[in-house]
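Undergrad: Input: one structure, supplied below.
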Amino acid sequence: MTLDMQALLAIGSSAVDQAVAVVRETTVGQVTDKGDRDMVSALDLAVEDRVRSFLKKETPEIGFLGEERGGENIAGADLTWALDPVDGTANLVHGLPLCGVSLGLVQGDRSVLGIIDLPFLQRRFHAAEGNGAYCGNSRLKTSDTRALESAIVSIGDYAVGGAARERNRSRLAVTSLLAERALRVRMFGSAAIDLVWAASGKVDATIAMSNHPWDMAAGVCIAREAGCAVMDADGMAHTVNSTETITAAPGLRNAVLKLLKDSRSLT
């Protein structure tokens, strides 16, 4: 299936415009627990409802998956919009500006389009497969760092929930080795920010031991189009079925994969 990437990018950008308008015009509102140390705000729900409604009207032939209200499959569709209405809700609720709207398009098991807006940092990122990645009108290129000891590496949030202790064994092992080998380790609390800052060369690699389409679809496309290696922990090309999301400047690919391999001996 041949996609009109520019037309889809325009539709997706209009959807994100509406999402950002909701973020700027609406208070956080009621915050509800949705599990152990996890939460959803009224703002998350308002953004998702607005974007879902808009995209259903504009692209009725494309499925939709939102973090908060789930999926809506279209019979025979090979395409799905994937939305995180507010990536970094905990940051937002605590008044931290590190959060964003993340809208991706998945074809089969591959991210092919992404739009991420950081409303409190006033930055918009976008990419479409084969067309490069941009912040506004400026083309993005990942860093040329080649040594882990010269690299800033961001890591995804630690797991929460009933199995958090077991799931965090691998995350803590990775953190331990990064503390020994990397220039600096950072945790921003937003996969969208991790990925667009990897695409921008602000961080040299990012390691997330998870992979939810609403979190990753948009940023994975942006990072890949900026020249990052985007893969799972075994170095295979990243898909929506990967269990991890590992992103690195090309010169760091092997060092990051070695660190991940070494971390398994610590768990």
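Following the order of the structure tokens, first chain is A, next is B, and so on, with residues numbered from 1 inside each chain and ligands from 1 in the order they appear.
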Residues near Ala208 in chain A, anyone? I mean within 10 Å using only C-alpha atoms, not counting same-chain ones fewer than 5 positions away, as a list in words.

TA: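 Within the cut-off, the hits are Ser154, Ile155, Gly156, Asp157, Tyr158, Arg171, Ala191, Asp194, Met216, Asp232, Ala233, Thr243, Glu244, Thr245, Ile246 and Thr247 of chain A.
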
Undergrad: Can I get the selection written as a CSV table (one decimal), in the first residue's frame, with C-alpha atoms?

TA:
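selection-v4.csv, freshly written:
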chain,number,residue,atom,x,y,z
A,154,SER,CA,18.7,8.7,29.2
A,155,ILE,CA,16.7,5.9,30.6
A,156,GLY,CA,13.0,5.2,30.7
A,157,ASP,CA,11.0,5.2,33.9
A,158,TYR,CA,11.3,2.3,36.4
A,171,ARG,CA,16.4,-1.7,34.7
A,191,ALA,CA,9.6,8.6,26.3
A,194,ASP,CA,13.9,10.8,25.3
A,216,MET,CA,7.0,4.9,21.2
A,232,ASP,CA,15.4,-4.0,20.7
A,233,ALA,CA,17.9,-5.2,23.3
A,243,THR,CA,9.9,-5.8,24.2
A,244,GLU,CA,12.4,-2.9,24.6
A,245,THR,CA,13.1,0.4,22.8
A,246,ILE,CA,16.8,1.1,22.5
A,247,THR,CA,17.9,4.2,20.6

Undergrad: Could you pull out the residues in range 5-252 of chain A that DSSP calls strand (DSSP E) from the backbone, as a tab-separated table (two decimals) with N, CA and C atoms, in the first residue's frame?

TA:
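And here's part27.tsv as it stands now:
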chain	number	residue	atom	x	y	z
A	31	VAL	N	-7.36	14.09	39.07
A	31	VAL	CA	-6.34	13.06	38.83
A	31	VAL	C	-6.80	11.77	39.50
A	32	THR	N	-6.85	10.70	38.71
A	32	THR	CA	-7.39	9.42	39.18
A	32	THR	C	-6.31	8.36	39.14
A	33	ASP	N	-6.20	7.57	40.18
A	33	ASP	CA	-5.28	6.44	40.16
A	33	ASP	C	-5.75	5.40	39.16
A	34	LYS	N	-4.80	4.85	38.38
A	34	LYS	CA	-5.15	3.73	37.50
A	34	LYS	C	-4.22	2.54	37.75
A	35	GLY	N	-3.74	2.45	38.96
A	35	GLY	CA	-2.85	1.37	39.34
A	35	GLY	C	-1.83	1.89	40.33
A	38	ASP	N	0.45	4.97	39.35
A	38	ASP	CA	0.13	5.37	37.99
A	38	ASP	C	-1.14	6.20	38.04
A	39	MET	N	-1.29	7.12	37.09
A	39	MET	CA	-2.40	8.05	37.19
A	39	MET	C	-2.85	8.51	35.81
A	40	VAL	N	-4.08	9.01	35.76
A	40	VAL	CA	-4.61	9.67	34.57
A	40	VAL	C	-5.31	10.94	35.02
A	41	SER	N	-5.14	12.00	34.28
A	41	SER	CA	-5.79	13.26	34.61
A	41	SER	C	-6.96	13.50	33.67
A	63	GLY	N	-7.29	2.73	11.84
A	63	GLY	CA	-7.59	2.40	13.23
A	63	GLY	C	-7.00	3.42	14.19
A	64	PHE	N	-7.35	3.28	15.45
A	64	PHE	CA	-6.89	4.23	16.47
A	64	PHE	C	-6.63	3.48	17.77
A	65	LEU	N	-5.49	3.80	18.40
A	65	LEU	CA	-5.14	3.25	19.70
A	65	LEU	C	-4.70	4.39	20.60
A	66	GLY	N	-5.44	4.60	21.69
A	66	GLY	CA	-5.09	5.62	22.66
A	66	GLY	C	-4.69	4.99	23.97
A	70	GLY	N	-8.07	2.98	24.99
A	70	GLY	CA	-7.91	1.75	24.23
A	70	GLY	C	-8.03	1.94	22.73
A	71	GLY	N	-8.31	0.81	22.03
A	71	GLY	CA	-8.24	0.78	20.60
A	71	GLY	C	-9.57	0.68	19.90
A	72	GLU	N	-9.53	1.05	18.64
A	72	GLU	CA	-10.68	0.92	17.76
A	72	GLU	C	-10.16	0.42	16.42
A	79	LEU	N	-3.27	0.23	8.90
A	79	LEU	CA	-2.75	1.44	9.53
A	79	LEU	C	-3.47	1.71	10.84
A	80	THR	N	-2.71	2.20	11.83
A	80	THR	CA	-3.30	2.56	13.11
A	80	THR	C	-2.62	3.81	13.65
A	81	TRP	N	-3.41	4.81	14.01
A	81	TRP	CA	-2.89	5.93	14.76
A	81	TRP	C	-2.65	5.48	16.21
A	82	ALA	N	-1.55	5.92	16.80
A	82	ALA	CA	-1.23	5.58	18.19
A	82	ALA	C	-0.96	6.87	18.95
A	83	LEU	N	-1.75	7.14	19.98
A	83	LEU	CA	-1.69	8.42	20.68
A	83	LEU	C	-1.40	8.25	22.16
A	84	ASP	N	-0.43	9.01	22.64
A	84	ASP	CA	-0.30	9.26	24.08
A	84	ASP	C	-0.72	10.71	24.27
A	85	PRO	N	-1.88	10.95	24.86
A	85	PRO	CA	-2.40	12.32	24.93
A	85	PRO	C	-1.52	13.26	25.74
A	86	VAL	N	-0.96	12.74	26.83
A	86	VAL	CA	0.04	13.49	27.61
A	86	VAL	C	1.10	12.48	28.03
A	87	ASP	N	2.21	12.48	27.33
A	87	ASP	CA	3.31	11.59	27.70
A	87	ASP	C	4.13	12.29	28.77
A	100	GLY	N	4.61	15.83	26.75
A	100	GLY	CA	4.26	16.15	25.38
A	100	GLY	C	3.11	15.33	24.86
A	101	VAL	N	2.58	15.79	23.74
A	101	VAL	CA	1.57	15.05	22.98
A	101	VAL	C	2.31	14.24	21.93
A	102	SER	N	2.01	12.95	21.86
A	102	SER	CA	2.74	12.04	20.97
A	102	SER	C	1.75	11.28	20.09
A	103	LEU	N	1.79	11.54	18.78
A	103	LEU	CA	0.90	10.87	17.83
A	103	LEU	C	1.73	10.20	16.75
A	104	GLY	N	1.61	8.88	16.67
A	104	GLY	CA	2.33	8.12	15.65
A	104	GLY	C	1.37	7.40	14.73
A	105	LEU	N	1.89	6.96	13.60
A	105	LEU	CA	1.13	6.13	12.67
A	105	LEU	C	1.91	4.85	12.44
A	106	VAL	N	1.26	3.73	12.66
A	106	VAL	CA	1.88	2.41	12.51
A	106	VAL	C	1.29	1.71	11.30
A	107	GLN	N	2.16	1.21	10.44
A	107	GLN	CA	1.74	0.38	9.30
A	107	GLN	C	2.23	-1.03	9.57
A	110	ARG	N	5.34	-1.51	12.00
A	110	ARG	CA	6.42	-0.52	11.88
A	110	ARG	C	5.86	0.90	11.98
A	111	SER	N	6.55	1.74	12.75
A	111	SER	CA	6.19	3.15	12.84
A	111	SER	C	6.62	3.86	11.56
A	112	VAL	N	5.70	4.58	10.94
A	112	VAL	CA	6.02	5.23	9.66
A	112	VAL	C	5.82	6.73	9.69
A	113	LEU	N	5.27	7.26	10.76
A	113	LEU	CA	5.03	8.71	10.85
A	113	LEU	C	4.95	9.08	12.32
A	114	GLY	N	5.45	10.24	12.66
A	114	GLY	CA	5.38	10.67	14.05
A	114	GLY	C	5.32	12.18	14.19
A	115	ILE	N	4.52	12.63	15.14
A	115	ILE	CA	4.44	14.05	15.48
A	115	ILE	C	4.45	14.14	17.00
A	116	ILE	N	5.36	14.92	17.54
A	116	ILE	CA	5.45	15.13	18.98
A	116	ILE	C	5.52	16.62	19.24
A	117	ASP	N	4.64	17.10	20.09
A	117	ASP	CA	4.66	18.50	20.48
A	117	ASP	C	4.94	18.59	21.98
A	118	LEU	N	5.89	19.44	22.34
A	118	LEU	CA	6.23	19.71	23.74
A	118	LEU	C	5.67	21.09	24.06
A	123	ARG	N	8.12	23.37	21.33
A	123	ARG	CA	8.83	22.67	20.27
A	123	ARG	C	7.90	21.64	19.63
A	124	ARG	N	7.93	21.56	18.31
A	124	ARG	CA	7.16	20.56	17.56
A	124	ARG	C	8.12	19.77	16.68
A	125	PHE	N	8.05	18.45	16.79
A	125	PHE	CA	8.90	17.54	16.01
A	125	PHE	C	8.01	16.70	15.11
A	126	HIS	N	8.52	16.37	13.92
A	126	HIS	CA	7.74	15.49	13.05
A	126	HIS	C	8.67	14.74	12.10
A	127	ALA	N	8.16	13.62	11.63
A	127	ALA	CA	8.89	12.81	10.65
A	127	ALA	C	7.91	11.91	9.92
A	128	ALA	N	8.25	11.60	8.69
A	128	ALA	CA	7.53	10.60	7.91
A	128	ALA	C	8.58	9.73	7.23
A	133	ALA	N	13.54	13.86	9.50
A	133	ALA	CA	12.93	14.29	10.76
A	133	ALA	C	13.25	15.76	10.98
A	134	TYR	N	12.28	16.47	11.59
A	134	TYR	CA	12.40	17.92	11.71
A	134	TYR	C	11.92	18.40	13.08
A	135	CYS	N	12.51	19.50	13.55
A	135	CYS	CA	11.95	20.31	14.62
A	135	CYS	C	11.58	21.62	13.96
A	138	SER	N	13.64	22.90	10.84
A	138	SER	CA	15.05	22.51	10.90
A	138	SER	C	15.19	21.00	10.90
A	139	ARG	N	15.99	20.49	9.96
A	139	ARG	CA	16.18	19.04	9.88
A	139	ARG	C	17.03	18.55	11.04
A	152	ILE	N	25.87	11.13	26.91
A	152	ILE	CA	24.75	11.30	27.83
A	152	ILE	C	23.67	10.31	27.41
A	153	VAL	N	23.25	9.48	28.33
A	153	VAL	CA	22.28	8.42	28.05
A	153	VAL	C	21.07	8.61	28.95
A	154	SER	N	19.89	8.67	28.35
A	154	SER	CA	18.67	8.74	29.15
A	154	SER	C	18.06	7.36	29.27
A	155	ILE	N	17.36	7.14	30.37
A	155	ILE	CA	16.71	5.85	30.61
A	155	ILE	C	15.23	6.07	30.87
A	184	ARG	N	27.15	10.71	31.57
A	184	ARG	CA	26.08	11.05	32.48
A	184	ARG	C	24.85	10.20	32.16
A	185	VAL	N	24.01	9.98	33.19
A	185	VAL	CA	22.76	9.25	33.03
A	185	VAL	C	21.62	10.21	33.40
A	186	ARG	N	20.55	10.20	32.60
A	186	ARG	CA	19.42	11.08	32.83
A	186	ARG	C	18.11	10.30	32.76
A	205	ALA	N	22.02	8.50	23.50
A	205	ALA	CA	21.31	7.23	23.46
A	205	ALA	C	20.20	7.27	24.50
A	206	THR	N	19.20	6.44	24.30
A	206	THR	CA	18.14	6.30	25.30
A	206	THR	C	17.75	4.83	25.38
A	207	ILE	N	17.54	4.36	26.60
A	207	ILE	CA	17.26	2.95	26.85
A	207	ILE	C	15.95	2.84	27.61
A	208	ALA	N	14.96	2.23	26.99
A	208	ALA	CA	13.67	1.99	27.63
A	208	ALA	C	13.40	0.49	27.59
A	229	ALA	N	20.09	4.55	15.41
A	229	ALA	CA	19.80	3.12	15.40
A	229	ALA	C	18.69	2.89	16.42
A	230	VAL	N	17.57	2.33	15.98
A	230	VAL	CA	16.44	2.08	16.87
A	230	VAL	C	16.17	0.58	16.83
A	231	MET	N	16.24	-0.09	17.98
A	231	MET	CA	16.29	-1.55	18.00
A	231	MET	C	15.76	-2.07	19.33
A	245	THR	N	12.87	-0.65	23.80
A	245	THR	CA	13.09	0.39	22.79
A	245	THR	C	14.45	1.02	23.07
A	246	ILE	N	15.43	0.63	22.26
A	246	ILE	CA	16.81	1.08	22.45
A	246	ILE	C	17.17	1.99	21.28
A	247	THR	N	17.62	3.19	21.59
A	247	THR	CA	17.92	4.18	20.55
A	247	THR	C	19.32	4.71	20.80
A	248	ALA	N	20.13	4.76	19.75
A	248	ALA	CA	21.51	5.20	19.94
A	248	ALA	C	22.02	5.87	18.68

Undergrad: Out of A:Ala21, A:Ala90, A:Ser210, A:Pro97, which residue has the shortest atom-to-atom distance to Ala159 in chain A when counting only C-alpha atoms?

TA: A:Ser210

Undergrad: Which is closer to Lys258 in chain A than all the others in A:Ala19, A:Leu177, A:Met5, A:Ala237, using only C-alpha atoms?

TA: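 Closest residue, counting only C-alpha atoms: A:Leu177.
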
Undergrad: Run DSSP on the backbone of this structure and report the residues of range 74-112 of chain A it assigns to alpha helix (DSSP H), as a VMD selection string.

TA: chain A and resid 89 to 93

Undergrad: Keeping only C-alpha atoms, write those residues as a PDB file, in the first residue's frame.

TA:
ATOM      1  CA  THR A  89       1.476  12.802  33.119  1.00  0.00           C
ATOM      2  CA  ALA A  90       3.287  12.563  36.459  1.00  0.00           C
ATOM      3  CA  ASN A  91       5.541  15.436  35.362  1.00  0.00           C
ATOM      4  CA  LEU A  92       2.519  17.493  34.283  1.00  0.00           C
ATOM      5  CA  VAL A  93       0.651  16.911  37.528  1.00  0.00           C
TER       6      VAL A  93
END

Undergrad: Given only C-alpha atoms as the basis, pick out the residue of A:Asp78, A:Ala192, A:Ala42, A:Glu25 nearest to Gly108 in chain A.

TA: A:Asp78

Undergrad: Of the candidates A:Val28, A:Ala163, A:Leu96, A:Ala151, which shows the shortest atom-to-atom distance to Lys202 in chain A, using only C-alpha atoms?

TA: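 Distance minimum relative to Lys202 in chain A lands on A:Ala151.
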
Undergrad: Pick the closest to Ser143 in chain A from A:Asn254, A:Gln6, A:Ser263, A:Ser200: which is it, counting only C-alpha atoms?

TA: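 Going through A:Asn254, A:Gln6, A:Ser263, A:Ser200 one by one, the smallest distance to Ser143 in chain A is for A:Ser200.
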
Undergrad: For Gly12 in chain A, please output as number ranges by chain all residues within 8 Å (counting only C-alpha atoms; exclusion window: fewer than 3 positions along the same chain).

TA: A: 8-9, 15-16, 55, 103, 115

Undergrad: Calculated over only C-alpha atoms, which of the candidates A:Cys221, A:Ala199, A:Ala147, A:Ala10 has the smallest distance to Ala255 in chain A?

TA: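 For Ala255 in chain A, the nearest of the given residues is A:Ala147.
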